[in-house]
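*Asks:* The structure is given below, and queries will be raised subsequently.
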Amino acid sequence: MTTENGTDIELERSLEALNTINQDINLIVEQLIDEEAALHAKYELKKAPLYKKRQGVIAKIPKFWLTCVTSLIEMEDAEAISYLEDIEIERSIETPINYKVMFVFGENPYFSNNKLIKEFDLSDKGNAKVTNHKIDWKSGKDLTATAKKEEAENDSDDFSENEESSFFCWFDDENGSELADLIANDLFPNAGMYYTGAVGSDDEDELISFGLDSGVENADLDSGPENFDESDDEVVEDAPATKRPKRE
């Protein structure tokens, strides 16, 4: 068998041919992923009337959405998030893969918005167009102020490098599509499972990664806005740090 510099030329050519075939296979896999995403979005749009019906049922369950999103927030956001009343996903009828994520809040001492909105246009693959809607923070209540200061000092375009920043920073991120995908395509459709802690119940590690282990039980979810007290700091300190998808 011919060799050159100790390298088996025939083996090298075989590996190159294998690599070429694998690249062609990957192209088909990428097409599959794209088509699955489009099909998923199409059927999510079809579910819209049922989600509207579900909304009426959820409204009767105390702190439903608060319980669902606990794994996504930092503890310093707990009081502000306690005013969360609903989560809505509004998809484009023409292009269902494009959507708005809307967090609906009751009147609160933090911001005047009734809805916090972030829009995603995913029509151009690999080039997500994100539209952020400004949060109208009340005086001295901006939970993103520290992160914004650090962002300016580091000359950064987003908050993704600091996973300890407030959840509300996501509404200012230039991207944030990874977390949006989790909310729109997993948490929202499977809200009941998130509420009961059934998400990934067959895999303890997955439960922990979503913050749905005993840490959620330790969180003071029963204390709504009217009962929130800074004396709960001891509970906060004892709770494990949340692990959430990195904000892009």
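Lettering and numbering for the structure tokens are positional, with chains as A, B, ... in the shown order, residues counted from 1 in each chain, and ligands counted from 1 in the shown order.
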Tell me, which residues of range 54-127 of chain A carry DSSP strand (DSSP E or B), written as a tab-separated table (two decimals) with all heavy atoms, in the first residue's frame?
*Replies:*
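As a result, states.tsv now contains:
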```
chain	number	residue	atom	x	y	z
A	84	LEU	N	-46.88	39.06	37.74
A	84	LEU	CA	-47.17	38.44	36.44
A	84	LEU	C	-48.54	37.78	36.45
A	84	LEU	O	-48.83	36.97	37.33
A	84	LEU	CB	-46.09	37.41	36.11
A	84	LEU	CG	-46.25	36.63	34.80
A	84	LEU	CD1	-46.12	37.56	33.61
A	84	LEU	CD2	-45.22	35.50	34.72
A	85	GLU	N	-49.37	38.11	35.48
A	85	GLU	CA	-50.72	37.57	35.41
A	85	GLU	C	-50.93	36.59	34.25
A	85	GLU	O	-51.76	35.70	34.32
A	85	GLU	CB	-51.75	38.70	35.30
A	85	GLU	CG	-51.80	39.60	36.53
A	85	GLU	CD	-52.84	40.69	36.42
A	85	GLU	OE1	-53.32	40.94	35.28
A	85	GLU	OE2	-53.19	41.30	37.44
A	86	ASP	N	-50.16	36.78	33.18
A	86	ASP	CA	-50.38	35.93	32.02
A	86	ASP	C	-49.16	35.98	31.10
A	86	ASP	O	-48.36	36.91	31.17
A	86	ASP	CB	-51.62	36.42	31.24
A	86	ASP	CG	-52.19	35.37	30.31
A	86	ASP	OD1	-51.68	34.23	30.30
A	86	ASP	OD2	-53.15	35.69	29.58
A	87	ILE	N	-49.01	34.97	30.27
A	87	ILE	CA	-48.01	34.96	29.21
A	87	ILE	C	-48.76	34.66	27.92
A	87	ILE	O	-49.59	33.75	27.86
A	87	ILE	CB	-46.92	33.89	29.43
A	87	ILE	CG1	-46.08	34.24	30.66
A	87	ILE	CG2	-46.02	33.78	28.20
A	87	ILE	CD1	-45.00	33.22	30.98
A	88	GLU	N	-48.50	35.45	26.90
A	88	GLU	CA	-49.16	35.27	25.61
A	88	GLU	C	-48.11	35.13	24.51
A	88	GLU	O	-47.08	35.79	24.54
A	88	GLU	CB	-50.08	36.46	25.29
A	88	GLU	CG	-51.18	36.69	26.31
A	88	GLU	CD	-51.96	37.97	26.04
A	88	GLU	OE1	-51.64	38.66	25.03
A	88	GLU	OE2	-52.87	38.29	26.83
A	89	ILE	N	-48.38	34.24	23.56
A	89	ILE	CA	-47.54	34.10	22.37
A	89	ILE	C	-48.43	34.41	21.18
A	89	ILE	O	-49.42	33.72	20.93
A	89	ILE	CB	-46.95	32.68	22.22
A	89	ILE	CG1	-46.16	32.30	23.47
A	89	ILE	CG2	-46.08	32.61	20.98
A	89	ILE	CD1	-44.94	33.16	23.74
A	90	GLU	N	-48.09	35.46	20.46
A	90	GLU	CA	-48.89	35.87	19.30
A	90	GLU	C	-48.08	35.58	18.03
A	90	GLU	O	-47.04	36.18	17.79
A	90	GLU	CB	-49.23	37.35	19.39
A	90	GLU	CG	-50.09	37.86	18.25
A	90	GLU	CD	-50.41	39.33	18.40
A	90	GLU	OE1	-51.06	39.70	19.40
A	90	GLU	OE2	-50.00	40.13	17.52
A	91	ARG	N	-48.57	34.66	17.22
A	91	ARG	CA	-47.86	34.26	16.00
A	91	ARG	C	-48.44	34.94	14.76
A	91	ARG	O	-49.64	35.20	14.69
A	91	ARG	CB	-47.90	32.74	15.82
A	91	ARG	CG	-47.11	31.98	16.87
A	91	ARG	CD	-47.08	30.49	16.62
A	91	ARG	NE	-46.31	29.82	17.67
A	91	ARG	CZ	-45.00	29.62	17.62
A	91	ARG	NH1	-44.32	30.03	16.55
A	91	ARG	NH2	-44.38	29.02	18.61
A	99	TYR	N	-43.06	35.45	15.82
A	99	TYR	CA	-43.99	35.59	16.94
A	99	TYR	C	-43.59	36.71	17.91
A	99	TYR	O	-42.48	37.23	17.86
A	99	TYR	CB	-44.07	34.27	17.72
A	99	TYR	CG	-42.74	33.76	18.23
A	99	TYR	CD1	-42.21	34.21	19.44
A	99	TYR	CD2	-42.01	32.80	17.51
A	99	TYR	CE1	-40.99	33.73	19.91
A	99	TYR	CE2	-40.80	32.33	17.96
A	99	TYR	CZ	-40.29	32.79	19.17
A	99	TYR	OH	-39.07	32.33	19.63
A	100	LYS	N	-44.55	37.05	18.78
A	100	LYS	CA	-44.32	37.99	19.86
A	100	LYS	C	-44.43	37.23	21.18
A	100	LYS	O	-45.32	36.40	21.35
A	100	LYS	CB	-45.37	39.10	19.88
A	100	LYS	CG	-45.37	40.03	18.68
A	100	LYS	CD	-46.48	41.07	18.84
A	100	LYS	CE	-46.56	41.99	17.64
A	100	LYS	NZ	-47.67	42.98	17.79
A	101	VAL	N	-43.53	37.52	22.10
A	101	VAL	CA	-43.62	37.00	23.46
A	101	VAL	C	-44.13	38.15	24.32
A	101	VAL	O	-43.53	39.24	24.33
A	101	VAL	CB	-42.26	36.52	23.98
A	101	VAL	CG1	-42.38	36.06	25.44
A	101	VAL	CG2	-41.72	35.38	23.11
A	102	MET	N	-45.24	37.93	25.02
A	102	MET	CA	-45.83	38.99	25.82
A	102	MET	C	-46.04	38.53	27.27
A	102	MET	O	-46.74	37.54	27.49
A	102	MET	CB	-47.15	39.45	25.20
A	102	MET	CG	-46.98	40.07	23.82
A	102	MET	SD	-48.54	40.59	23.06
A	102	MET	CE	-49.21	39.00	22.55
A	103	PHE	N	-45.45	39.24	28.19
A	103	PHE	CA	-45.66	39.00	29.61
A	103	PHE	C	-46.65	40.05	30.12
A	103	PHE	O	-46.37	41.25	30.03
A	103	PHE	CB	-44.34	39.10	30.38
A	103	PHE	CG	-43.50	37.86	30.34
A	103	PHE	CD1	-43.13	37.28	29.14
A	103	PHE	CD2	-43.07	37.25	31.52
A	103	PHE	CE1	-42.36	36.13	29.09
A	103	PHE	CE2	-42.30	36.09	31.48
A	103	PHE	CZ	-41.94	35.53	30.26
A	104	VAL	N	-47.77	39.59	30.63
A	104	VAL	CA	-48.83	40.49	31.07
A	104	VAL	C	-48.76	40.67	32.59
A	104	VAL	O	-48.76	39.68	33.34
A	104	VAL	CB	-50.22	39.95	30.68
A	104	VAL	CG1	-51.32	40.94	31.08
A	104	VAL	CG2	-50.27	39.66	29.18
A	105	PHE	N	-48.70	41.92	33.03
A	105	PHE	CA	-48.56	42.22	34.45
A	105	PHE	C	-49.74	43.05	34.97
A	105	PHE	O	-50.32	43.85	34.24
A	105	PHE	CB	-47.27	43.01	34.72
A	105	PHE	CG	-46.02	42.18	34.62
A	105	PHE	CD1	-45.43	41.93	33.39
A	105	PHE	CD2	-45.43	41.66	35.76
A	105	PHE	CE1	-44.27	41.18	33.29
A	105	PHE	CE2	-44.27	40.90	35.68
A	105	PHE	CZ	-43.69	40.66	34.44
A	111	PHE	N	-42.94	49.12	36.95
A	111	PHE	CA	-43.06	49.73	35.62
A	111	PHE	C	-44.53	49.96	35.30
A	111	PHE	O	-45.42	49.34	35.89
A	111	PHE	CB	-42.41	48.85	34.54
A	111	PHE	CG	-42.68	47.37	34.70
A	111	PHE	CD1	-43.88	46.82	34.27
A	111	PHE	CD2	-41.74	46.54	35.29
A	111	PHE	CE1	-44.14	45.45	34.42
A	111	PHE	CE2	-41.98	45.17	35.44
A	111	PHE	CZ	-43.19	44.63	35.00
A	115	LYS	N	-48.05	45.24	29.43
A	115	LYS	CA	-47.42	44.10	28.77
A	115	LYS	C	-45.96	44.41	28.46
A	115	LYS	O	-45.64	45.50	28.00
A	115	LYS	CB	-48.14	43.77	27.45
A	115	LYS	CG	-49.55	43.21	27.61
A	115	LYS	CD	-50.13	42.83	26.25
A	115	LYS	CE	-51.53	42.22	26.40
A	115	LYS	NZ	-52.10	41.81	25.09
A	116	LEU	N	-45.09	43.44	28.70
A	116	LEU	CA	-43.70	43.53	28.28
A	116	LEU	C	-43.58	42.65	27.04
A	116	LEU	O	-43.89	41.45	27.09
A	116	LEU	CB	-42.75	43.04	29.38
A	116	LEU	CG	-42.83	43.80	30.72
A	116	LEU	CD1	-41.72	43.32	31.65
A	116	LEU	CD2	-42.74	45.30	30.52
A	117	ILE	N	-43.15	43.26	25.93
A	117	ILE	CA	-43.22	42.58	24.63
A	117	ILE	C	-41.85	42.51	23.96
A	117	ILE	O	-41.06	43.45	24.01
A	117	ILE	CB	-44.19	43.33	23.69
A	117	ILE	CG1	-45.57	43.47	24.36
A	117	ILE	CG2	-44.31	42.60	22.35
A	117	ILE	CD1	-46.54	44.35	23.59
A	118	LYS	N	-41.61	41.37	23.35
A	118	LYS	CA	-40.39	41.17	22.55
A	118	LYS	C	-40.80	40.40	21.30
A	118	LYS	O	-41.47	39.36	21.40
A	118	LYS	CB	-39.35	40.38	23.36
A	118	LYS	CG	-37.93	40.39	22.77
A	118	LYS	CD	-36.97	39.70	23.73
A	118	LYS	CE	-35.54	39.68	23.20
A	118	LYS	NZ	-34.86	40.96	23.37
A	119	GLU	N	-40.41	40.90	20.12
A	119	GLU	CA	-40.83	40.30	18.86
A	119	GLU	C	-39.66	39.63	18.14
A	119	GLU	O	-38.53	40.14	18.18
A	119	GLU	CB	-41.44	41.36	17.93
A	119	GLU	CG	-42.64	42.08	18.51
A	119	GLU	CD	-43.24	43.07	17.52
A	119	GLU	OE1	-43.38	42.70	16.33
A	119	GLU	OE2	-43.54	44.21	17.93
A	120	PHE	N	-39.96	38.52	17.46
A	120	PHE	CA	-38.94	37.77	16.73
A	120	PHE	C	-39.41	37.47	15.31
A	120	PHE	O	-40.44	36.84	15.11
A	120	PHE	CB	-38.61	36.46	17.45
A	120	PHE	CG	-37.94	36.66	18.77
A	120	PHE	CD1	-38.69	36.88	19.92
A	120	PHE	CD2	-36.55	36.66	18.88
A	120	PHE	CE1	-38.08	37.10	21.14
A	120	PHE	CE2	-35.94	36.87	20.09
A	120	PHE	CZ	-36.69	37.09	21.23
A	121	ASP	N	-38.62	37.96	14.34
A	121	ASP	CA	-38.86	37.66	12.94
A	121	ASP	C	-37.76	36.70	12.50
A	121	ASP	O	-36.59	37.09	12.37
A	121	ASP	CB	-38.81	38.95	12.10
A	121	ASP	CG	-39.14	38.70	10.64
A	121	ASP	OD1	-38.97	37.56	10.17
A	121	ASP	OD2	-39.57	39.65	9.95
```
*Asks:* Return as a ChimeraX atom specification the full set of residues in range 55-130 of chain A whose backbone-based DSSP assignment is alpha helix (DSSP H).
*Replies:* /A:55-58,64-69,78-81
*Asks:* Please provide as a list in words all residues within 9 Å of Ser112 in chain A, with the sequence filter that same-chain residues fewer than 4 positions apart are discarded (counting only C-alpha atoms).
*Replies:*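 Counting only the stated atoms, we get Glu107, Asn108, Ile135, Asp136, Trp137 and Lys138 of chain A.
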*Asks:* Measuring atom to atom with only C-alpha atoms, identify which of A:Ile58, A:Val29, A:Ala128, A:Cys68 is nearest to Asp186 in chain A.
*Replies:*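 Among the listed residues, the smallest separation from Asp186 in chain A belongs to A:Cys68.
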